[in-house]
Amino acid sequence: MFLLVGLGNPGAKYSGNRHNIGFMAVDAIARAHAFGPWKKKFHGDLAEGRIDGVRTLILKPQTFMNESGRAVGEAAGFHKLSPMQVVVFYDEIDLAPGRFRMKTGGGAAGHNGIRSIIASPLGEGFRRARLGVGHPGQADLVHGYVLSDFAKADGDWVKKLLDAVSKAAPLIAKGEDDKYQAEVMRLAPAEKAGGRGKAGGGQ
C-alpha cells in the first residue's frame, strides 16, 4: 500500500494556479486508473484504488498549502505508512516548465506545503514528485507567480505532463522512481530553453 499526495489550495479560485499542479497530477492519476469516488477524510479529499495491483490512496489536503502536514501526517499515521510509502506531487519553481524530477528526503527549498509535511510526524524522508513550473526571475515575484493561473500558452505542456505522470504511474507503484522519472520525461519531453531561475522566496 502507498499514499499519493497532491499539494494545492482548495476552492475554485485556486484551481488553475501553478501552485495547484499537484492537485492536477493526482486527479489525472485517479482518472486514468479508475479510482473510487472522493471522500472527505484526514482533513482532505481521499480516493482509493489500485495501480498495477498495488492498493493506493490518493489524498488532496483541504487545509490550504501551509497546513498540508496535518492531512498527510494524519493519513500516514492512521495507515501506519513509512515515509517511503508516501509520494508527494507538487510545483517546483527551480525546474523549467514541464520538467520533472523525483527526489527522496531533503529540505523544503522554500515550499510551504513541503515544509509543513516535514514538520509533521512523517518527517522529511518521503518521496517527492517535483513538477516544474519555472521561476518568475525575482524572489519577490514568487508568491504572486505561483498563485496565478497557468497562461494559455502553457496548456499544451501541462496536459502532456499530467498525461505522462498518470500513464507512467505503475512504475512509481513498484518503487522504481528513477524509471518513473525517465518514463515521464520520455512521454512528455520538456523544451530545453527558458523558465528556470534561481531559488528565492517562500511559496
# chains A, B, ... in the order shown; residues from 1 in each chain; ligands from 1
>>> residues_around(residues="segment 13-17 of chain A", least_positions_apart="5", cutoff="6 Å", atoms="only C-alpha atoms", output="list in words")
Leu147, Ser148 and Asp149 of chain A
>>> residues_around(residues="Arg128 of chain A", least_positions_apart="2", cutoff="6 Å", atoms="only C-alpha atoms", output="PyMOL selection string")
chain A and resi 87-88+102-104+130
>>> residues_around(residues="segment 73-82 of chain A", least_positions_apart="6", cutoff="10 Å", atoms="only C-alpha atoms", output="mmCIF file with C-alpha atoms, in the first residue's frame")
data_model
loop_
_atom_site.group_PDB
_atom_site.id
_atom_site.type_symbol
_atom_site.label_atom_id
_atom_site.label_comp_id
_atom_site.auth_asym_id
_atom_site.auth_seq_id
_atom_site.Cartn_x
_atom_site.Cartn_y
_atom_site.Cartn_z
ATOM 1 C CA MET A 1 0.000 0.000 0.000
ATOM 2 C CA PHE A 2 1.117 3.534 -0.615
ATOM 3 C CA LEU A 3 -0.177 7.088 -0.448
ATOM 4 C CA LYS A 41 -11.223 12.223 5.348
ATOM 5 C CA PHE A 42 -7.978 13.257 7.066
ATOM 6 C CA HIS A 43 -8.681 16.981 6.513
ATOM 7 C CA GLY A 44 -8.721 16.306 2.790
ATOM 8 C CA LEU A 46 -9.405 10.925 -0.315
ATOM 9 C CA LEU A 57 -4.698 6.020 -1.579
ATOM 10 C CA LEU A 59 -5.053 12.486 -0.844
ATOM 11 C CA SER A 116 4.514 21.569 6.707
ATOM 12 C CA ILE A 117 4.806 17.861 5.855
ATOM 13 C CA ILE A 118 8.413 17.749 7.094
ATOM 14 C CA ALA A 119 7.196 19.263 10.391
ATOM 15 C CA SER A 120 4.525 16.552 10.734
ATOM 16 C CA PRO A 121 5.166 13.172 12.402
ATOM 17 C CA LEU A 122 6.017 11.767 8.955
ATOM 18 C CA GLY A 123 9.282 13.727 8.838
ATOM 19 C CA GLY A 125 12.091 11.110 4.293
ATOM 20 C CA PHE A 126 9.108 10.907 1.933
#
>>> closest_residue(among="A:Leu4, A:Pro37, A:His19, A:Glu48", to="Lys60 of chain A", atoms="only C-alpha atoms")
A:Leu4
>>> residues_around(residues="Val165 of chain A", least_positions_apart="6", cutoff="8 Å", atoms="only C-alpha atoms", output="MDAnalysis selection string")
chainID A and resid 25 28:29 184
>>> write_last_selection(atoms="N, CA and C atoms", output="PDB file, in the first residue's frame")
ATOM      1  N   ALA A  25      -2.132  16.729 -10.893  1.00  0.00           N
ATOM      2  CA  ALA A  25      -1.422  15.482 -11.179  1.00  0.00           C
ATOM      3  C   ALA A  25      -2.134  14.277 -10.574  1.00  0.00           C
ATOM      4  N   ALA A  28      -5.344  13.464 -12.334  1.00  0.00           N
ATOM      5  CA  ALA A  28      -5.099  12.746 -13.583  1.00  0.00           C
ATOM      6  C   ALA A  28      -4.833  11.266 -13.322  1.00  0.00           C
ATOM      7  N   ILE A  29      -4.071  10.966 -12.271  1.00  0.00           N
ATOM      8  CA  ILE A  29      -3.788   9.576 -11.914  1.00  0.00           C
ATOM      9  C   ILE A  29      -5.068   8.861 -11.492  1.00  0.00           C
ATOM     10  N   VAL A 184       8.321   9.463 -17.524  1.00  0.00           N
ATOM     11  CA  VAL A 184       7.535  10.705 -17.616  1.00  0.00           C
ATOM     12  C   VAL A 184       8.175  11.660 -18.607  1.00  0.00           C
TER      13      VAL A 184
END
>>> select_by_dssp(residues="segment 51-176 of chain A", states="strand (DSSP E or B)", output="ChimeraX atom specification")
/A:51,54-61,86-92,100-104,127-132,149
>>> residues_around(residues="Gly53 of chain A", least_positions_apart="4", cutoff="10 Å", atoms="only C-alpha atoms", output="MDAnalysis selection string")
chainID A and resid 1 49 170 173:174
>>> write_last_selection(atoms="N, CA and C atoms", output="mmCIF file, in the first residue's frame")
data_model
loop_
_atom_site.group_PDB
_atom_site.id
_atom_site.type_symbol
_atom_site.label_atom_id
_atom_site.label_comp_id
_atom_site.auth_asym_id
_atom_site.auth_seq_id
_atom_site.Cartn_x
_atom_site.Cartn_y
_atom_site.Cartn_z
ATOM 1 N N MET A 1 0.836 -1.197 0.000
ATOM 2 C CA MET A 1 0.000 0.000 0.000
ATOM 3 C C MET A 1 0.874 1.252 0.000
ATOM 4 N N GLY A 49 -7.870 3.228 -4.783
ATOM 5 C CA GLY A 49 -7.874 2.403 -5.982
ATOM 6 C C GLY A 49 -6.653 1.509 -6.004
ATOM 7 N N PRO A 170 2.365 3.076 -12.922
ATOM 8 C CA PRO A 170 2.749 1.738 -12.456
ATOM 9 C C PRO A 170 4.202 1.632 -11.989
ATOM 10 N N ALA A 173 4.383 2.873 -8.459
ATOM 11 C CA ALA A 173 3.769 1.888 -7.564
ATOM 12 C C ALA A 173 4.760 0.776 -7.221
ATOM 13 N N LYS A 174 5.686 0.501 -8.143
ATOM 14 C CA LYS A 174 6.716 -0.528 -7.917
ATOM 15 C C LYS A 174 7.907 0.018 -7.138
#
>>> select_by_dssp(residues="segment 59-151 of chain A", states="helix (DSSP H, G or I)", output="PyMOL selection string")
chain A and resi 65-78+83-85+112-119+139-146
>>> closest_residue(among="A:Leu131, A:Ile58, A:Ala96, A:Ala34", to="Gly6 of chain A", atoms="only C-alpha atoms")
A:Ile58
>>> closest_atom_pairs(of="segment 48-138 of chain A", to="segment 150-156 of chain A", cutoff="12 Å", atoms="only C-alpha atoms", output="CSV")
residue,atom,partner,partner_atom,distance
A:Asp91,CA,A:Phe150,CA,11.9
A:Ala96,CA,A:Asp154,CA,11.9
A:Pro97,CA,A:Asp154,CA,8.3
A:Gly98,CA,A:Asp154,CA,9.0
A:Gly132,CA,A:Asp154,CA,11.8
A:Val133,CA,A:Phe150,CA,8.9
A:Gly134,CA,A:Phe150,CA,10.9
>>> atom_distance(atom1="atom CA of Gly69 of chain A", atom2="atom CA of Val146 of chain A")
19.4 Å
>>> decode(residues="segment 64-88 of chain A", atoms="N, CA and C atoms", output="PDB file, in the first residue's frame")
ATOM      1  N   PHE A  64      -5.403  24.179   3.032  1.00  0.00           N
ATOM      2  CA  PHE A  64      -4.539  25.198   2.443  1.00  0.00           C
ATOM      3  C   PHE A  64      -3.091  24.740   2.556  1.00  0.00           C
ATOM      4  N   MET A  65      -2.303  25.229   1.625  1.00  0.00           N
ATOM      5  CA  MET A  65      -0.952  24.724   1.403  1.00  0.00           C
ATOM      6  C   MET A  65      -0.099  24.662   2.666  1.00  0.00           C
ATOM      7  N   ASN A  66      -0.089  25.739   3.438  1.00  0.00           N
ATOM      8  CA  ASN A  66       0.862  25.793   4.556  1.00  0.00           C
ATOM      9  C   ASN A  66       0.472  24.924   5.745  1.00  0.00           C
ATOM     10  N   GLU A  67      -0.676  24.214   5.659  1.00  0.00           N
ATOM     11  CA  GLU A  67      -1.082  23.276   6.708  1.00  0.00           C
ATOM     12  C   GLU A  67      -1.187  21.857   6.161  1.00  0.00           C
ATOM     13  N   SER A  68      -0.573  21.592   5.017  1.00  0.00           N
ATOM     14  CA  SER A  68      -0.690  20.281   4.364  1.00  0.00           C
ATOM     15  C   SER A  68      -0.258  19.130   5.270  1.00  0.00           C
ATOM     16  N   GLY A  69       0.692  19.383   6.154  1.00  0.00           N
ATOM     17  CA  GLY A  69       1.202  18.333   7.034  1.00  0.00           C
ATOM     18  C   GLY A  69       0.165  17.741   7.961  1.00  0.00           C
ATOM     19  N   ARG A  70      -0.859  18.509   8.310  1.00  0.00           N
ATOM     20  CA  ARG A  70      -1.920  17.976   9.168  1.00  0.00           C
ATOM     21  C   ARG A  70      -2.596  16.792   8.496  1.00  0.00           C
ATOM     22  N   ALA A  71      -2.978  16.965   7.235  1.00  0.00           N
ATOM     23  CA  ALA A  71      -3.672  15.920   6.493  1.00  0.00           C
ATOM     24  C   ALA A  71      -2.751  14.733   6.211  1.00  0.00           C
ATOM     25  N   VAL A  72      -1.559  15.023   5.727  1.00  0.00           N
ATOM     26  CA  VAL A  72      -0.634  13.953   5.338  1.00  0.00           C
ATOM     27  C   VAL A  72      -0.187  13.154   6.561  1.00  0.00           C
ATOM     28  N   GLY A  73       0.158  13.852   7.634  1.00  0.00           N
ATOM     29  CA  GLY A  73       0.598  13.172   8.851  1.00  0.00           C
ATOM     30  C   GLY A  73      -0.493  12.289   9.432  1.00  0.00           C
ATOM     31  N   GLU A  74      -1.726  12.770   9.402  1.00  0.00           N
ATOM     32  CA  GLU A  74      -2.837  12.005   9.952  1.00  0.00           C
ATOM     33  C   GLU A  74      -3.110  10.758   9.108  1.00  0.00           C
ATOM     34  N   ALA A  75      -3.135  10.912   7.786  1.00  0.00           N
ATOM     35  CA  ALA A  75      -3.395   9.775   6.900  1.00  0.00           C
ATOM     36  C   ALA A  75      -2.286   8.724   7.007  1.00  0.00           C
ATOM     37  N   ALA A  76      -1.036   9.174   6.981  1.00  0.00           N
ATOM     38  CA  ALA A  76       0.086   8.242   7.070  1.00  0.00           C
ATOM     39  C   ALA A  76       0.115   7.535   8.418  1.00  0.00           C
ATOM     40  N   GLY A  77      -0.193   8.275   9.491  1.00  0.00           N
ATOM     41  CA  GLY A  77      -0.213   7.684  10.823  1.00  0.00           C
ATOM     42  C   GLY A  77      -1.319   6.652  10.979  1.00  0.00           C
ATOM     43  N   PHE A  78      -2.501   6.967  10.486  1.00  0.00           N
ATOM     44  CA  PHE A  78      -3.646   6.060  10.591  1.00  0.00           C
ATOM     45  C   PHE A  78      -3.359   4.739   9.893  1.00  0.00           C
ATOM     46  N   HIS A  79      -2.726   4.809   8.723  1.00  0.00           N
ATOM     47  CA  HIS A  79      -2.447   3.594   7.940  1.00  0.00           C
ATOM     48  C   HIS A  79      -1.068   3.013   8.213  1.00  0.00           C
ATOM     49  N   LYS A  80      -0.370   3.592   9.196  1.00  0.00           N
ATOM     50  CA  LYS A  80       0.955   3.111   9.606  1.00  0.00           C
ATOM     51  C   LYS A  80       1.920   3.017   8.417  1.00  0.00           C
ATOM     52  N   LEU A  81       1.956   4.078   7.625  1.00  0.00           N
ATOM     53  CA  LEU A  81       2.817   4.127   6.453  1.00  0.00           C
ATOM     54  C   LEU A  81       4.181   4.716   6.800  1.00  0.00           C
ATOM     55  N   SER A  82       5.219   4.158   6.221  1.00  0.00           N
ATOM     56  CA  SER A  82       6.551   4.730   6.365  1.00  0.00           C
ATOM     57  C   SER A  82       6.698   5.888   5.385  1.00  0.00           C
ATOM     58  N   PRO A  83       7.681   6.767   5.574  1.00  0.00           N
ATOM     59  CA  PRO A  83       7.895   7.851   4.611  1.00  0.00           C
ATOM     60  C   PRO A  83       8.081   7.359   3.177  1.00  0.00           C
ATOM     61  N   MET A  84       8.691   6.184   2.998  1.00  0.00           N
ATOM     62  CA  MET A  84       8.920   5.668   1.646  1.00  0.00           C
ATOM     63  C   MET A  84       7.642   5.172   0.979  1.00  0.00           C
ATOM     64  N   GLN A  85       6.560   5.077   1.739  1.00  0.00           N
ATOM     65  CA  GLN A  85       5.261   4.701   1.180  1.00  0.00           C
ATOM     66  C   GLN A  85       4.420   5.931   0.825  1.00  0.00           C
ATOM     67  N   VAL A  86       5.017   7.107   0.940  1.00  0.00           N
ATOM     68  CA  VAL A  86       4.309   8.361   0.664  1.00  0.00           C
ATOM     69  C   VAL A  86       5.023   9.105  -0.467  1.00  0.00           C
ATOM     70  N   VAL A  87       4.270   9.462  -1.500  1.00  0.00           N
ATOM     71  CA  VAL A  87       4.811  10.219  -2.635  1.00  0.00           C
ATOM     72  C   VAL A  87       4.015  11.508  -2.763  1.00  0.00           C
ATOM     73  N   VAL A  88       4.701  12.645  -2.732  1.00  0.00           N
ATOM     74  CA  VAL A  88       4.046  13.953  -2.764  1.00  0.00           C
ATOM     75  C   VAL A  88       4.328  14.645  -4.094  1.00  0.00           C
TER      76      VAL A  88
END
